[in-house]
file upload.json (JSON, C-alpha atoms and all ligand atoms)
[["chain", "number", "residue", "atom", "x", "y", "z"],
["A", 280, "MET", "CA", 39.21, -17.93, 45.80],
["A", 281, "SER", "CA", 38.40, -15.51, 42.95],
["A", 282, "THR", "CA", 40.77, -12.59, 42.46],
["A", 283, "ILE", "CA", 39.69, -8.99, 42.48],
["A", 284, "ALA", "CA", 41.01, -6.71, 39.73],
["A", 285, "ALA", "CA", 43.44, -4.32, 41.41],
["A", 286, "ALA", "CA", 42.69, -0.94, 39.82],
["A", 287, "LEU", "CA", 39.64, 0.97, 40.91],
["A", 288, "ASP", "CA", 38.12, 2.91, 37.99],
["A", 289, "PRO", "CA", 37.31, 6.61, 38.58],
["A", 290, "GLN", "CA", 33.53, 6.13, 38.01],
["A", 291, "SER", "CA", 33.32, 3.42, 40.68],
["A", 292, "PHE", "CA", 35.41, 5.54, 43.06],
["A", 293, "ASN", "CA", 33.11, 8.55, 42.52],
["A", 294, "PHE", "CA", 29.99, 6.45, 42.99],
["A", 295, "ILE", "CA", 31.30, 5.00, 46.27],
["A", 296, "THR", "CA", 32.51, 8.35, 47.66],
["A", 297, "ASN", "CA", 29.14, 10.00, 46.88],
["A", 298, "LEU", "CA", 27.20, 7.10, 48.38],
["A", 299, "VAL", "CA", 29.29, 7.05, 51.58],
["A", 300, "ARG", "CA", 29.09, 10.83, 51.93],
["A", 301, "SER", "CA", 25.32, 10.92, 51.45],
["A", 302, "LYS", "CA", 24.69, 8.17, 54.01],
["A", 303, "SER", "CA", 27.29, 8.94, 56.70],
["A", 304, "ALA", "CA", 28.82, 12.37, 55.84],
["A", 305, "ILE", "CA", 32.25, 10.68, 55.74],
["A", 306, "VAL", "CA", 34.39, 12.51, 53.17],
["A", 307, "LEU", "CA", 36.71, 10.29, 51.12],
["A", 308, "GLU", "CA", 39.20, 12.51, 49.32],
["A", 309, "SER", "CA", 40.70, 11.68, 45.93],
["A", 310, "GLY", "CA", 43.81, 10.05, 47.45],
["A", 311, "LYS", "CA", 41.62, 7.49, 49.26],
["A", 312, "ALA", "CA", 41.12, 5.07, 46.34],
["A", 313, "TYR", "CA", 43.45, 2.59, 48.09],
["A", 314, "LEU", "CA", 41.17, 2.67, 51.15],
["A", 315, "VAL", "CA", 38.07, 1.99, 49.07],
["A", 316, "GLU", "CA", 39.86, -0.91, 47.38],
["A", 317, "SER", "CA", 41.16, -2.46, 50.57],
["A", 318, "ARG", "CA", 37.82, -2.13, 52.42],
["A", 319, "LEU", "CA", 35.47, -3.14, 49.59],
["A", 320, "SER", "CA", 37.43, -5.87, 47.80],
["A", 321, "PRO", "CA", 36.62, -8.35, 50.60],
["A", 322, "VAL", "CA", 32.91, -7.40, 50.38],
["A", 323, "ALA", "CA", 32.92, -7.94, 46.59],
["A", 324, "ARG", "CA", 34.78, -11.24, 47.01],
["A", 325, "GLU", "CA", 32.31, -12.52, 49.63],
["A", 326, "LEU", "CA", 29.44, -11.78, 47.23],
["A", 327, "GLY", "CA", 31.17, -13.66, 44.41],
["A", 328, "LEU", "CA", 31.68, -10.48, 42.37],
["A", 329, "LYS", "CA", 34.71, -9.93, 40.14],
["A", 330, "ASN", "CA", 35.58, -6.39, 41.18],
["A", 331, "ILE", "CA", 34.35, -3.18, 42.77],
["A", 332, "ALA", "CA", 32.79, -2.06, 39.48],
["A", 333, "GLU", "CA", 30.48, -5.10, 39.74],
["A", 334, "LEU", "CA", 29.74, -4.18, 43.36],
["A", 335, "VAL", "CA", 28.78, -0.69, 42.15],
["A", 336, "SER", "CA", 26.36, -2.25, 39.64],
["A", 337, "GLU", "CA", 24.74, -4.25, 42.46],
["A", 338, "LEU", "CA", 24.44, -1.06, 44.53],
["A", 339, "GLN", "CA", 22.56, 0.64, 41.70],
["A", 340, "LYS", "CA", 19.88, -2.05, 41.53],
["A", 341, "PRO", "CA", 16.54, -1.48, 43.31],
["A", 342, "GLY", "CA", 16.34, -3.02, 46.79],
["A", 343, "SER", "CA", 20.03, -2.58, 47.54],
["A", 344, "GLN", "CA", 19.54, -0.89, 50.94],
["A", 345, "LYS", "CA", 21.16, -3.73, 52.90],
["A", 346, "LEU", "CA", 24.17, -3.82, 50.61],
["A", 347, "THR", "CA", 24.44, -0.03, 50.81],
["A", 348, "GLN", "CA", 24.52, -0.24, 54.60],
["A", 349, "ARG", "CA", 27.16, -2.95, 54.44],
["A", 350, "VAL", "CA", 29.34, -0.86, 52.11],
["A", 351, "VAL", "CA", 28.99, 2.28, 54.27],
["A", 352, "GLU", "CA", 29.85, 0.28, 57.40],
["A", 353, "ALA", "CA", 32.87, -1.25, 55.65],
["A", 354, "MET", "CA", 34.12, 2.27, 54.90],
["A", 355, "THR", "CA", 34.02, 3.41, 58.57],
["A", 356, "THR", "CA", 37.17, 3.32, 60.66],
["A", 357, "ASN", "CA", 36.57, 1.57, 63.98],
["A", 358, "GLU", "CA", 39.92, 2.20, 65.66],
["A", 359, "THR", "CA", 39.45, 2.54, 69.44],
["A", 360, "SER", "CA", 40.89, 1.37, 72.75],
["A", 361, "PHE", "CA", 40.23, 1.27, 76.49],
["A", 362, "PHE", "CA", 41.18, 4.52, 78.32],
["A", 363, "ARG", "CA", 42.07, 6.06, 74.93],
["A", 364, "ASP", "CA", 44.15, 9.25, 75.39],
["A", 365, "ILE", "CA", 43.83, 8.77, 79.20],
["A", 366, "HIS", "CA", 43.46, 12.53, 80.12],
["A", 367, "PRO", "CA", 39.65, 12.78, 79.69],
["A", 368, "PHE", "CA", 39.26, 9.81, 82.04],
["A", 369, "THR", "CA", 41.59, 11.37, 84.63],
["A", 370, "ALA", "CA", 39.50, 14.56, 84.42],
["A", 371, "LEU", "CA", 36.30, 12.51, 84.84],
["A", 372, "LYS", "CA", 37.67, 10.80, 87.92],
["A", 373, "GLU", "CA", 39.35, 13.75, 89.60],
["A", 374, "LYS", "CA", 37.17, 16.72, 88.69],
["A", 375, "ILE", "CA", 34.04, 16.21, 86.62],
["A", 376, "ILE", "CA", 32.23, 13.36, 88.38],
["A", 377, "PRO", "CA", 33.04, 14.69, 91.90],
["A", 378, "ASN", "CA", 31.65, 18.09, 90.80],
["A", 379, "LEU", "CA", 28.54, 16.59, 89.26],
["A", 380, "ILE", "CA", 27.94, 14.48, 92.36],
["A", 381, "GLN", "CA", 27.60, 17.75, 94.29],
["A", 382, "ARG", "CA", 25.58, 19.59, 91.64],
["A", 383, "ARG", "CA", 23.15, 16.73, 90.98],
["A", 384, "ALA", "CA", 22.78, 15.66, 94.63],
["A", 385, "LYS", "CA", 19.04, 16.39, 94.54],
["A", 386, "GLU", "CA", 18.17, 14.63, 91.28],
["A", 387, "LYS", "CA", 20.63, 11.78, 91.87],
["A", 388, "SER", "CA", 20.88, 11.21, 88.16],
["A", 389, "LEU", "CA", 23.62, 11.50, 85.53],
["A", 390, "SER", "CA", 23.45, 10.99, 81.76],
["A", 391, "ILE", "CA", 26.60, 10.29, 79.79],
["A", 392, "TRP", "CA", 26.73, 9.87, 76.00],
["A", 393, "SER", "CA", 29.51, 7.94, 74.32],
["A", 394, "ASN", "CA", 29.05, 8.80, 70.68],
["A", 395, "ALA", "CA", 30.48, 6.95, 67.69],
["A", 396, "CYS", "CA", 31.45, 4.33, 70.28],
["A", 397, "SER", "CA", 32.74, 1.68, 67.86],
["A", 398, "SER", "CA", 33.27, -1.70, 69.58],
["A", 399, "GLY", "CA", 32.48, -0.33, 73.04],
["A", 400, "GLN", "CA", 35.84, 0.26, 74.72],
["A", 401, "GLU", "CA", 34.98, 3.91, 75.49],
["A", 402, "PRO", "CA", 31.58, 3.39, 77.19],
["A", 403, "TYR", "CA", 32.90, 0.34, 79.09],
["A", 404, "THR", "CA", 35.87, 2.42, 80.27],
["A", 405, "ILE", "CA", 33.42, 5.02, 81.64],
["A", 406, "ALA", "CA", 31.32, 2.29, 83.30],
["A", 407, "MET", "CA", 34.37, 0.64, 84.92],
["A", 408, "LEU", "CA", 35.67, 4.00, 86.12],
["A", 409, "ILE", "CA", 32.34, 4.75, 87.82],
["A", 410, "ALA", "CA", 32.11, 1.26, 89.36],
["A", 411, "GLU", "CA", 35.70, 1.46, 90.62],
["A", 412, "HIS", "CA", 35.86, 5.00, 92.00],
["A", 413, "PHE", "CA", 32.31, 6.12, 92.76],
["A", 414, "PRO", "CA", 30.45, 3.53, 94.88],
["A", 415, "ILE", "CA", 28.31, 6.46, 96.07],
["A", 416, "LEU", "CA", 26.63, 6.41, 92.62],
["A", 417, "LYS", "CA", 25.26, 2.90, 93.19],
["A", 418, "ASP", "CA", 21.86, 4.25, 94.18],
["A", 419, "TRP", "CA", 21.81, 6.99, 91.51],
["A", 420, "LYS", "CA", 20.20, 6.69, 88.10],
["A", 421, "ILE", "CA", 23.25, 6.51, 85.83],
["A", 422, "ARG", "CA", 22.67, 6.28, 82.08],
["A", 423, "ILE", "CA", 25.62, 5.59, 79.80],
["A", 424, "ILE", "CA", 24.13, 5.87, 76.33],
["A", 425, "SER", "CA", 26.39, 4.56, 73.66],
["A", 426, "SER", "CA", 25.74, 4.98, 69.96],
["A", 427, "ASP", "CA", 27.23, 4.40, 66.53],
["A", 428, "LEU", "CA", 26.14, 4.41, 62.91],
["A", 429, "SER", "CA", 27.18, 0.82, 62.34],
["A", 430, "SER", "CA", 24.81, -1.94, 63.47],
["A", 431, "GLN", "CA", 27.57, -4.50, 62.95],
["A", 432, "ILE", "CA", 30.01, -2.79, 65.30],
["A", 433, "LEU", "CA", 27.22, -2.24, 67.85],
["A", 434, "ASP", "CA", 26.51, -5.99, 67.87],
["A", 435, "ARG", "CA", 30.16, -6.51, 68.79],
["A", 436, "ALA", "CA", 30.01, -3.79, 71.44],
["A", 437, "ARG", "CA", 26.88, -5.29, 73.01],
["A", 438, "LEU", "CA", 28.59, -8.67, 73.26],
["A", 439, "GLY", "CA", 31.40, -7.12, 75.34],
["A", 440, "GLU", "CA", 34.03, -9.63, 74.19],
["A", 441, "PHE", "CA", 37.58, -8.55, 73.45],
["A", 442, "ASN", "CA", 40.69, -10.38, 72.29],
["A", 443, "GLN", "CA", 44.08, -10.33, 74.00],
["A", 444, "THR", "CA", 45.43, -7.53, 71.78],
["A", 445, "GLU", "CA", 42.42, -5.35, 72.56],
["A", 446, "VAL", "CA", 42.69, -5.77, 76.34],
["A", 447, "ASN", "CA", 46.47, -5.20, 76.13],
["A", 448, "ARG", "CA", 45.80, -1.69, 74.78],
["A", 449, "GLY", "CA", 45.24, 0.79, 77.62],
["A", 450, "LEU", "CA", 43.42, -1.43, 80.11],
["A", 451, "PRO", "CA", 45.14, -1.57, 83.53],
["A", 452, "MET", "CA", 45.78, -5.14, 84.73],
["A", 453, "ASN", "CA", 43.70, -4.66, 87.90],
["A", 454, "PHE", "CA", 40.69, -3.62, 85.78],
["A", 455, "LEU", "CA", 41.17, -6.63, 83.48],
["A", 456, "LEU", "CA", 41.24, -9.05, 86.38],
["A", 457, "LYS", "CA", 38.38, -7.41, 88.25],
["A", 458, "TYR", "CA", 35.90, -6.63, 85.46],
["A", 459, "PHE", "CA", 36.47, -9.40, 82.84],
["A", 460, "THR", "CA", 36.28, -13.17, 82.70],
["A", 461, "LYS", "CA", 38.38, -15.23, 80.31],
["A", 462, "ASN", "CA", 36.82, -17.82, 78.05],
["A", 463, "GLU", "CA", 38.54, -19.61, 75.16],
["A", 464, "GLY", "CA", 41.03, -16.82, 74.53],
["A", 465, "GLN", "CA", 38.40, -14.05, 74.68],
["A", 466, "TRP", "CA", 37.92, -11.62, 77.57],
["A", 467, "LYS", "CA", 34.26, -10.97, 78.37],
["A", 468, "ILE", "CA", 33.23, -7.90, 80.32],
["A", 469, "ARG", "CA", 31.30, -8.81, 83.47],
["A", 470, "ASP", "CA", 27.52, -8.43, 83.36],
["A", 471, "GLU", "CA", 27.48, -5.81, 86.13],
["A", 472, "ILE", "CA", 29.50, -3.48, 83.82],
["A", 473, "ARG", "CA", 27.83, -4.52, 80.56],
["A", 474, "LYS", "CA", 24.40, -3.75, 81.99],
["A", 475, "MET", "CA", 25.46, -0.19, 82.85],
["A", 476, "VAL", "CA", 25.71, 0.65, 79.13],
["A", 477, "GLU", "CA", 22.77, 1.11, 76.69],
["A", 478, "PHE", "CA", 23.66, 0.69, 73.02],
["A", 479, "ARG", "CA", 21.67, 2.22, 70.18],
["A", 480, "GLU", "CA", 22.07, 2.88, 66.49],
["A", 481, "LEU", "CA", 22.39, 6.60, 65.76],
["A", 482, "ASN", "CA", 23.63, 8.39, 62.65],
["A", 483, "LEU", "CA", 25.04, 11.77, 63.63],
["A", 484, "VAL", "CA", 23.91, 13.38, 60.39],
["A", 485, "GLU", "CA", 20.26, 12.43, 60.90],
["A", 486, "PRO", "CA", 17.91, 14.17, 63.38],
["A", 487, "PHE", "CA", 18.60, 12.98, 66.93],
["A", 488, "PRO", "CA", 15.88, 10.83, 68.55],
["A", 489, "ALA", "CA", 13.49, 12.91, 70.65],
["A", 490, "LEU", "CA", 13.90, 10.62, 73.65],
["A", 491, "LEU", "CA", 17.56, 11.43, 74.35],
["A", 492, "PRO", "CA", 17.90, 12.71, 77.93],
["A", 493, "ALA", "CA", 19.68, 16.01, 78.67],
["A", 494, "MET", "CA", 23.37, 15.06, 78.86],
["A", 495, "ASP", "CA", 25.85, 15.85, 81.64],
["A", 496, "ILE", "CA", 28.89, 14.50, 79.79],
["A", 497, "VAL", "CA", 29.31, 13.87, 76.05],
["A", 498, "PHE", "CA", 32.16, 11.99, 74.43],
["A", 499, "LEU", "CA", 32.28, 12.73, 70.67],
["A", 500, "ARG", "CA", 35.81, 11.63, 69.91],
["A", 501, "ASN", "CA", 37.62, 10.74, 66.72],
["A", 502, "VAL", "CA", 34.63, 10.96, 64.41],
["A", 503, "LEU", "CA", 34.36, 14.67, 63.46],
["A", 504, "ILE", "CA", 37.72, 14.26, 61.67],
["A", 505, "TYR", "CA", 35.92, 12.36, 58.89],
["A", 506, "PHE", "CA", 33.44, 15.18, 58.15],
["A", 507, "SER", "CA", 33.42, 18.51, 56.28],
["A", 508, "PRO", "CA", 33.52, 21.74, 58.37],
["A", 509, "GLU", "CA", 29.78, 22.32, 57.60],
["A", 510, "THR", "CA", 28.84, 18.84, 58.84],
["A", 511, "LYS", "CA", 31.01, 19.24, 61.98],
["A", 512, "SER", "CA", 29.25, 22.51, 62.72],
["A", 513, "GLU", "CA", 25.74, 21.05, 62.20],
["A", 514, "ILE", "CA", 26.51, 18.07, 64.44],
["A", 515, "LEU", "CA", 28.00, 20.23, 67.21],
["A", 516, "LYS", "CA", 24.90, 22.47, 67.13],
["A", 517, "LYS", "CA", 22.64, 19.43, 67.57],
["A", 518, "VAL", "CA", 24.85, 18.07, 70.36],
["A", 519, "HIS", "CA", 24.77, 21.49, 72.10],
["A", 520, "LYS", "CA", 20.94, 21.27, 72.19],
["A", 521, "VAL", "CA", 20.95, 17.99, 74.13],
["A", 522, "MET", "CA", 23.53, 19.13, 76.71],
["A", 523, "HIS", "CA", 22.81, 20.62, 80.16],
["A", 524, "LYS", "CA", 24.17, 24.18, 80.56],
["A", 525, "ASP", "CA", 26.84, 23.03, 83.05],
["A", 526, "SER", "CA", 27.89, 19.92, 81.11],
["A", 527, "TYR", "CA", 31.13, 18.76, 79.51],
["A", 528, "LEU", "CA", 32.03, 17.75, 75.95],
["A", 529, "PHE", "CA", 35.13, 15.79, 74.99],
["A", 530, "LEU", "CA", 36.43, 15.71, 71.42],
["A", 531, "GLY", "CA", 39.34, 13.67, 70.04],
["A", 532, "GLY", "CA", 42.91, 14.91, 70.45],
["A", 533, "SER", "CA", 43.05, 16.38, 66.94],
["A", 534, "GLU", "CA", 39.52, 17.82, 66.99],
["A", 535, "THR", "CA", 38.31, 21.26, 68.06],
["A", 536, "THR", "CA", 35.25, 23.50, 67.95],
["A", 537, "MET", "CA", 37.39, 26.40, 66.68],
["A", 538, "ASN", "CA", 36.21, 28.19, 63.49],
["A", 539, "LEU", "CA", 32.99, 26.17, 63.43],
["A", 540, "ASN", "CA", 30.70, 28.95, 64.64],
["A", 541, "VAL", "CA", 29.33, 26.91, 67.57],
["A", 542, "ARG", "CA", 28.64, 27.93, 71.16],
["A", 543, "PHE", "CA", 31.29, 26.04, 73.11],
["A", 544, "GLU", "CA", 34.12, 27.36, 75.26],
["A", 545, "ARG", "CA", 37.38, 25.45, 75.59],
["A", 546, "GLU", "CA", 38.35, 24.57, 79.18],
["A", 547, "GLN", "CA", 41.58, 23.01, 80.39],
["A", 548, "LEU", "CA", 41.08, 20.45, 83.16],
["A", 549, "GLY", "CA", 44.57, 19.31, 84.22],
["A", 550, "SER", "CA", 46.00, 17.76, 81.04],
["A", 551, "ALA", "CA", 42.55, 17.27, 79.49],
["A", 552, "VAL", "CA", 40.76, 19.68, 77.19],
["A", 553, "CYS", "CA", 36.98, 19.80, 77.32],
["A", 554, "TYR", "CA", 34.34, 22.10, 75.86],
["A", 555, "ARG", "CA", 31.55, 23.76, 77.84],
["A", 556, "PRO", "CA", 28.31, 24.97, 76.26],
["A", 557, "THR", "CA", 27.86, 28.77, 76.39],
["A", 601, "LIG", "C1", 37.54, 5.94, 64.97],
["A", 601, "LIG", "S1", 36.05, 5.34, 65.67],
["A", 601, "LIG", "C2", 36.01, 6.26, 67.19],
["A", 601, "LIG", "C3", 35.68, 5.40, 68.39],
["A", 601, "LIG", "C4", 35.70, 6.11, 69.75],
["A", 601, "LIG", "N1", 34.84, 7.27, 69.77],
["A", 601, "LIG", "C5", 37.12, 6.49, 70.12],
["A", 601, "LIG", "O1", 37.45, 7.68, 70.10],
["A", 601, "LIG", "O2", 37.91, 5.61, 70.44],
["A", 601, "LIG", "C6", 34.86, 6.17, 64.66],
["A", 601, "LIG", "C7", 33.43, 5.64, 64.75],
["A", 601, "LIG", "O3", 32.55, 6.59, 64.18],
["A", 601, "LIG", "C8", 31.45, 5.89, 63.60],
["A", 601, "LIG", "N2", 30.79, 6.79, 62.65],
["A", 601, "LIG", "C9", 31.22, 7.20, 61.42],
["A", 601, "LIG", "N3", 30.32, 8.00, 60.84],
["A", 601, "LIG", "C10", 29.29, 8.12, 61.72],
["A", 601, "LIG", "C11", 28.04, 8.81, 61.69],
["A", 601, "LIG", "N4", 27.66, 9.55, 60.63],
["A", 601, "LIG", "N5", 27.23, 8.71, 62.78],
["A", 601, "LIG", "C12", 27.59, 7.96, 63.85],
["A", 601, "LIG", "N6", 28.74, 7.27, 63.93],
["A", 601, "LIG", "C13", 29.59, 7.35, 62.87],
["A", 601, "LIG", "C14", 32.11, 4.68, 62.97],
["A", 601, "LIG", "O4", 31.18, 3.63, 62.75],
["A", 601, "LIG", "C15", 33.20, 4.33, 64.00],
["A", 601, "LIG", "O5", 32.79, 3.32, 64.87]]

call {"tool": "encode", "arguments": {"input": "upload.json", "output": "structure tokens"}}
result
Amino acid sequence: MSTIAAALDPQSFNFITNLVRSKSAIVLESGKAYLVESRLSPVARELGLKNIAELVSELQKPGSQKLTQRVVEAMTTNETSFFRDIHPFTALKEKIIPNLIQRRAKEKSLSIWSNACSSGQEPYTIAMLIAEHFPILKDWKIRIISSDLSSQILDRARLGEFNQTEVNRGLPMNFLLKYFTKNEGQWKIRDEIRKMVEFRELNLVEPFPALLPAMDIVFLRNVLIYFSPETKSEILKKVHKVMHKDSYLFLGGSETTMNLNVRFEREQLGSAVCYRPT
């Protein structure tokens, strides 16, 4: 195996941070050189390149779109888990879905958007929760739209296969036994749940596709943290436009709409915090 030179030169670091920011809006601050090195050294090695400086040269050649996408995807953080931060899911089960069942009784339709969904634990959690607690929704039109920037991570999510460590994080045993089958050390989500979720590639900094339905519930968790305040504000304004007036937005535990000049009102639902469009 060839070795990769350890130090990342400032020019290569600047090139990578500008590239990643222009394609995904992810901001890599000056202290993040170690992250660039640890994420991109394996990419350079796989391509038979000596170091990240050589990878940067490849990225500057014409026709490097695929490599650019690979580099941007390698720089995303895909950390996620089933029932992550539990409170939003308790609020869904105890308050939000029961309320929406009453308010949408005529249309019999609900649209839920799991944004920046990574390997799929969040949308599958929503699908399992609906299957488990709301049999009344069986004859409704339920759309769980699930999107991410990374085509690679979406391929994983679509597959619906998780290792033992992943199912050990947050997934109750009764859900594991009821909604997964085990095959050669991997846990595969059952088709009835997998089919409830639609996956699509979507970059939050690009215009949203016109065909998105009006959303009743939006999960946009643990992704705004990577962006500048201006980008957060632009994204929240676009998300606001696709939400019903009486809908619900969930952000990650360390994220907020405060000081971003957007039209959302914070609402406490038990131990969960959600945001309502105003
Ligand atoms: C830390 S994960 C969050 C996963 C999940 N939402 C959760 O809270 O568990 C962040 C995800 O954001 C995605 N992401 C980063 N930049 C993005 C962008 N500009 N548009 C869409 N998704 C993006 C990454 O690919 C990654 O899968």

call {"tool": "closest_residue", "arguments": {"input": "upload.json", "among": "A:Ser429, A:Glu386, A:Met475, A:Pro367", "to": "Met407 of chain A", "atoms": "all atoms listed in the file"}}
result
A:Met475

call {"tool": "residues_near_ligand", "arguments": {"input": "upload.json", "ligand": "ligand LIG 601 (chain A)", "cutoff": "7 Å", "atoms": "only C-alpha atoms and all ligand atoms", "output": "ChimeraX atom specification"}}
result
/A:303-305,352,355-360,363,394-398,401,427-429,432,481-484,499-502,531

call {"tool": "residues_near_point", "arguments": {"input": "upload.json", "point": "(41.1, -3.6, 84.5)", "cutoff": "10 Å", "atoms": "all atoms listed in the file", "output": "short mmCIF file (atom, residue, chain, number, x, y, z; two decimals) with C-alpha atoms, keeping the file's coordinate frame"}}
result
data_model
loop_
_atom_site.label_atom_id
_atom_site.label_comp_id
_atom_site.auth_asym_id
_atom_site.auth_seq_id
_atom_site.Cartn_x
_atom_site.Cartn_y
_atom_site.Cartn_z
CA PHE A 361 40.23 1.27 76.49
CA THR A 404 35.87 2.42 80.27
CA MET A 407 34.37 0.64 84.92
CA LEU A 408 35.67 4.00 86.12
CA GLU A 411 35.70 1.46 90.62
CA VAL A 446 42.69 -5.77 76.34
CA GLY A 449 45.24 0.79 77.62
CA LEU A 450 43.42 -1.43 80.11
CA PRO A 451 45.14 -1.57 83.53
CA MET A 452 45.78 -5.14 84.73
CA ASN A 453 43.70 -4.66 87.90
CA PHE A 454 40.69 -3.62 85.78
CA LEU A 455 41.17 -6.63 83.48
CA LEU A 456 41.24 -9.05 86.38
CA LYS A 457 38.38 -7.41 88.25
CA TYR A 458 35.90 -6.63 85.46
CA PHE A 459 36.47 -9.40 82.84
CA ILE A 468 33.23 -7.90 80.32
#

call {"tool": "residues_around", "arguments": {"input": "upload.json", "residues": "Glu546 of chain A", "least_positions_apart": "5", "cutoff": "10 Å", "atoms": "all atoms listed in the file", "output": "JSON, numbers by chain"}}
result
{"A": [527, 528, 551, 552, 553, 554, 555]}

call {"tool": "write_last_selection", "arguments": {"input": "upload.json", "atoms": "C-alpha atoms", "output": "PDB file, keeping the file's coordinate frame"}}
result
ATOM      1  CA  TYR A 527      31.130  18.760  79.510  1.00  0.00           C
ATOM      2  CA  LEU A 528      32.030  17.750  75.950  1.00  0.00           C
ATOM      3  CA  ALA A 551      42.550  17.270  79.490  1.00  0.00           C
ATOM      4  CA  VAL A 552      40.760  19.680  77.190  1.00  0.00           C
ATOM      5  CA  CYS A 553      36.980  19.800  77.320  1.00  0.00           C
ATOM      6  CA  TYR A 554      34.340  22.100  75.860  1.00  0.00           C
ATOM      7  CA  ARG A 555      31.550  23.760  77.840  1.00  0.00           C
TER       8      ARG A 555
END

call {"tool": "closest_residue", "arguments": {"input": "upload.json", "among": "A:Leu438, A:Ile376, A:Val322, A:Leu307", "to": "Phe294 of chain A", "atoms": "only C-alpha atoms"}}
result
A:Leu307

call {"tool": "residues_around", "arguments": {"input": "upload.json", "residues": "Val299 of chain A", "least_positions_apart": "6", "cutoff": "12 Å", "atoms": "all atoms listed in the file", "output": "ChimeraX atom specification"}}
result
/A:292-293,305-308,315,338,347-355,505-506

call {"tool": "atom_distance", "arguments": {"input": "upload.json", "atom1": "atom CA of Gln339 of chain A", "atom2": "atom CA of Pro486 of chain A"}}
result
26.0 Å

call {"tool": "atom_distance", "arguments": {"input": "upload.json", "atom1": "atom CA of Thr536 of chain A", "atom2": "atom CA of Ser512 of chain A"}}
result
8.0 Å

call {"tool": "atom_distance", "arguments": {"input": "upload.json", "atom1": "atom CA of Ala384 of chain A", "atom2": "atom CA of Ile421 of chain A"}}
result
12.7 Å

call {"tool": "closest_residue", "arguments": {"input": "upload.json", "among": "A:Ser388, A:Ser425, A:Thr296, A:Ser301", "to": "Thr510 of chain A", "atoms": "all atoms listed in the file"}}
result
A:Ser301

call {"tool": "residues_around", "arguments": {"input": "upload.json", "residues": "Arg542 of chain A", "least_positions_apart": "6", "cutoff": "8 Å", "atoms": "all atoms listed in the file", "output": "list in words"}}
result
Lys516, His519, Pro556 and Thr557 of chain A

call {"tool": "decode", "arguments": {"input": "upload.json", "residues": "segment 480-490 of chain A", "atoms": "N, CA, C and O atoms", "output": "PDB file, in the first residue's frame"}}
result
ATOM      1  N   GLU A 480     -32.207  12.306  -4.446  1.00  0.00           N
ATOM      2  CA  GLU A 480     -31.039  13.163  -4.253  1.00  0.00           C
ATOM      3  C   GLU A 480     -31.497  14.622  -4.228  1.00  0.00           C
ATOM      4  O   GLU A 480     -32.245  15.034  -5.109  1.00  0.00           O
ATOM      5  N   LEU A 481     -31.106  15.360  -3.229  1.00  0.00           N
ATOM      6  CA  LEU A 481     -31.485  16.788  -3.167  1.00  0.00           C
ATOM      7  C   LEU A 481     -30.420  17.561  -2.409  1.00  0.00           C
ATOM      8  O   LEU A 481     -30.075  17.206  -1.277  1.00  0.00           O
ATOM      9  N   ASN A 482     -29.890  18.586  -3.066  1.00  0.00           N
ATOM     10  CA  ASN A 482     -28.898  19.458  -2.437  1.00  0.00           C
ATOM     11  C   ASN A 482     -29.636  20.678  -1.898  1.00  0.00           C
ATOM     12  O   ASN A 482     -30.260  21.426  -2.653  1.00  0.00           O
ATOM     13  N   LEU A 483     -29.565  20.870  -0.591  1.00  0.00           N
ATOM     14  CA  LEU A 483     -30.328  21.942   0.053  1.00  0.00           C
ATOM     15  C   LEU A 483     -29.988  23.332  -0.465  1.00  0.00           C
ATOM     16  O   LEU A 483     -30.792  24.247  -0.326  1.00  0.00           O
ATOM     17  N   VAL A 484     -28.789  23.507  -1.024  1.00  0.00           N
ATOM     18  CA  VAL A 484     -28.426  24.840  -1.488  1.00  0.00           C
ATOM     19  C   VAL A 484     -28.865  25.103  -2.933  1.00  0.00           C
ATOM     20  O   VAL A 484     -28.747  26.217  -3.411  1.00  0.00           O
ATOM     21  N   GLU A 485     -29.386  24.080  -3.598  1.00  0.00           N
ATOM     22  CA  GLU A 485     -29.901  24.296  -4.950  1.00  0.00           C
ATOM     23  C   GLU A 485     -31.414  24.529  -4.882  1.00  0.00           C
ATOM     24  O   GLU A 485     -32.023  24.239  -3.859  1.00  0.00           O
ATOM     25  N   PRO A 486     -32.021  25.054  -5.972  1.00  0.00           N
ATOM     26  CA  PRO A 486     -33.482  25.237  -5.934  1.00  0.00           C
ATOM     27  C   PRO A 486     -34.179  23.897  -5.679  1.00  0.00           C
ATOM     28  O   PRO A 486     -33.745  22.874  -6.205  1.00  0.00           O
ATOM     29  N   PHE A 487     -35.253  23.919  -4.883  1.00  0.00           N
ATOM     30  CA  PHE A 487     -35.953  22.659  -4.605  1.00  0.00           C
ATOM     31  C   PHE A 487     -36.744  22.227  -5.839  1.00  0.00           C
ATOM     32  O   PHE A 487     -37.257  23.081  -6.561  1.00  0.00           O
ATOM     33  N   PRO A 488     -36.885  20.908  -6.056  1.00  0.00           N
ATOM     34  CA  PRO A 488     -37.659  20.449  -7.219  1.00  0.00           C
ATOM     35  C   PRO A 488     -39.113  20.922  -7.113  1.00  0.00           C
ATOM     36  O   PRO A 488     -39.682  20.941  -6.022  1.00  0.00           O
ATOM     37  N   ALA A 489     -39.686  21.295  -8.259  1.00  0.00           N
ATOM     38  CA  ALA A 489     -41.045  21.851  -8.259  1.00  0.00           C
ATOM     39  C   ALA A 489     -42.065  20.829  -7.768  1.00  0.00           C
ATOM     40  O   ALA A 489     -43.111  21.189  -7.253  1.00  0.00           O
ATOM     41  N   LEU A 490     -41.761  19.543  -7.927  1.00  0.00           N
ATOM     42  CA  LEU A 490     -42.778  18.533  -7.635  1.00  0.00           C
ATOM     43  C   LEU A 490     -42.884  18.118  -6.166  1.00  0.00           C
ATOM     44  O   LEU A 490     -43.629  17.200  -5.839  1.00  0.00           O
TER      45      LEU A 490
END
